[in-house]
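Heads up: the structure comes next, in structure tokens.
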Amino acid sequence: MKNKMMKYLSVLILIFGFLLSSCDGEEMASTKNIEGHWIYAETKPDVYATDSSIKKKIEEYIENKNAAHKISYEFKNDKTYYCYQNNDEPIKGIFKVIDKNYFTIDNQEEKEVKNIITKDSIIYITYDIKKEIAKELNIDERKIIKANATEIFKRGLFGN
């Protein structure tokens, strides 16, 4: 009888342990650090190229890429986001919670993954822009070692 009871208790502990370990951590992760509306502030380049003149050209392209655009993001607590560009229809997507201050969005339209870091009232959205630059600036992609753009957004709404 004691043996059966120990087996029963062991099975219960194993099942309980399995259920706890199979819980998806993402469901427990908080979205509160990213929720809300974010307004574009600036773009910073992170570029390595085989030639300094190419590097300078790429950096200027990245820094000025969004200068004429009115861009904002709205992140919801159901893990959806809207990206507003100028007065066009917003792009809707889903973001993943990686950690308290780390998130990713997978933009199916542009076929790219963007990494997001939140810090205080700022979010940093970083992504690889190498292929776009090679095409737009007509540069051999092999001459571009690394080309990342970091878009910086501040919490708030656009004024009139």
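Residues in the structure tokens are numbered from 1 in each chain, the chains being A, B, ... in the order shown, and ligands are numbered from 1 in the order shown.
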
Near region 82-92 of chain A, 12 Å: region 47-68 of chain A residue rows, closest pairs, only C-alpha atoms, as CSV:
residue,atom,partner,partner_atom,distance
A:Asn66,CA,A:Gln85,CA,9.7
A:Ala67,CA,A:Asn86,CA,11.5
A:Ala68,CA,A:Asn86,CA,9.1

Write to file, as a short mmCIF file (atom, residue, chain, number, x, y, z; two decimals), in the first residue's frame, the residues of the selection just made, with C-alpha atoms.
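In the end it all went to selection.cif:
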data_model
loop_
_atom_site.label_atom_id
_atom_site.label_comp_id
_atom_site.auth_asym_id
_atom_site.auth_seq_id
_atom_site.Cartn_x
_atom_site.Cartn_y
_atom_site.Cartn_z
CA ASN A 66 12.85 58.98 -42.33
CA ALA A 67 13.48 62.71 -41.97
CA ALA A 68 10.57 63.72 -44.20
#

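For region 36-39 of chain A, the non-local neighbours within 6 Å, defined as residues at least 4 positions apart in the same chain or in other chains and counting only C-alpha atoms, are Ser72, Tyr73, Glu74, Phe75, Phe153, Lys154, Arg155 and Gly156 of chain A.
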
Quiz prompt | Counting only C-alpha atoms, the residue of A:Ile133, A:Ile139, A:Asp128, A:Ile122 that sits nearest Tyr61 (chain A) | solution =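 Residue with the minimum atom-to-atom distance to Tyr61 (chain A): A:Ile133.
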
Exercise. One decimal, Å: what's the distance from CA of Asp106 (chain A) over to CA of Glu35 (chain A), could you say?
Key: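 These atoms are spaced 17.2 Å apart.
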
*asked:* Applying 12 Å and only C-alpha atoms, which residues near Ala134 (chain A) remain after dropping the ones on its own chain fewer than 2 positions away? List them as a list in words.
replied: Ala49, Ile54, Lys55, Lys57, Ile58, Tyr61, Asp128, Ile129, Lys130, Lys131, Glu132, Glu136, Leu137, Asn138, Ile139, Asp140, Glu141, Arg142, Lys143, Ile144, Ile145, Lys146 and Ala147 of chain A

Inset, instruction - Step one, run DSSP on the backbone; step two, keep only residues of region 25-143 of chain A assigned to strand (DSSP E or B); then write them as a PyMOL selection string. - result: chain A and resi 36-49+71-75+80-85+91-99+102-107+112-119+122-128

- Query: Pick the closest to Asn115 (chain A) from A:Ala41, A:Ile152, A:Ile71, A:Leu157: which is it, counting only C-alpha atoms?
  - Reply: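 For Asn115 (chain A), the nearest of the given residues is A:Ile152.
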
Residues of region 76-152 of chain A in alpha helix (DSSP H), written as a PyMOL selection string | chain A and resi 130-136

Please produce a file of the residues just selected, as a PDB file, in the first residue's frame, where the atoms kept are N, CA and C atoms.
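After the write, again-v1.pdb holds the following:
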ATOM      1  N   LYS A 130      20.968  46.459 -44.825  1.00  0.00           N
ATOM      2  CA  LYS A 130      22.023  46.229 -45.806  1.00  0.00           C
ATOM      3  C   LYS A 130      21.495  46.016 -47.229  1.00  0.00           C
ATOM      4  N   LYS A 131      20.513  45.150 -47.406  1.00  0.00           N
ATOM      5  CA  LYS A 131      19.986  44.861 -48.753  1.00  0.00           C
ATOM      6  C   LYS A 131      19.335  46.090 -49.369  1.00  0.00           C
ATOM      7  N   GLU A 132      18.568  46.824 -48.570  1.00  0.00           N
ATOM      8  CA  GLU A 132      17.920  48.046 -49.069  1.00  0.00           C
ATOM      9  C   GLU A 132      18.953  49.062 -49.530  1.00  0.00           C
ATOM     10  N   ILE A 133      20.003  49.230 -48.750  1.00  0.00           N
ATOM     11  CA  ILE A 133      21.043  50.206 -49.088  1.00  0.00           C
ATOM     12  C   ILE A 133      21.767  49.796 -50.363  1.00  0.00           C
ATOM     13  N   ALA A 134      22.108  48.530 -50.474  1.00  0.00           N
ATOM     14  CA  ALA A 134      22.797  48.059 -51.680  1.00  0.00           C
ATOM     15  C   ALA A 134      21.959  48.356 -52.919  1.00  0.00           C
ATOM     16  N   LYS A 135      20.652  48.152 -52.808  1.00  0.00           N
ATOM     17  CA  LYS A 135      19.759  48.389 -53.939  1.00  0.00           C
ATOM     18  C   LYS A 135      19.575  49.890 -54.203  1.00  0.00           C
ATOM     19  N   GLU A 136      19.243  50.647 -53.167  1.00  0.00           N
ATOM     20  CA  GLU A 136      18.934  52.073 -53.321  1.00  0.00           C
ATOM     21  C   GLU A 136      20.146  52.911 -53.732  1.00  0.00           C
TER      22      GLU A 136
END

For Ile117 (chain A), the closest of A:Thr80, A:Gly93, A:Glu151, A:Glu60 counting only C-alpha atoms is A:Glu151

_Report, in Å with one decimal, the straight-line distance from CA of Asn101 (chain A) to CA of Ile116 (chain A)._
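So the two atoms, CA of Asn101 (chain A) and CA of Ile116 (chain A), lie 8.0 Å apart.
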
Margin query: So, with only C-alpha atoms as the atoms that count, which of A:Thr126, A:Ser121, A:Thr150, A:Asn77 lies closest to Thr31 (chain A)?
Written below: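 Comparing A:Thr126, A:Ser121, A:Thr150, A:Asn77 against Thr31 (chain A), the winner is A:Asn77.
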
Best match for closeness to Ile125 (chain A) among A:Ile34, A:Tyr48, A:Lys76, A:Ile94, counting only C-alpha atoms
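Ranked by minimum distance to Ile125 (chain A), first place goes to A:Ile34.
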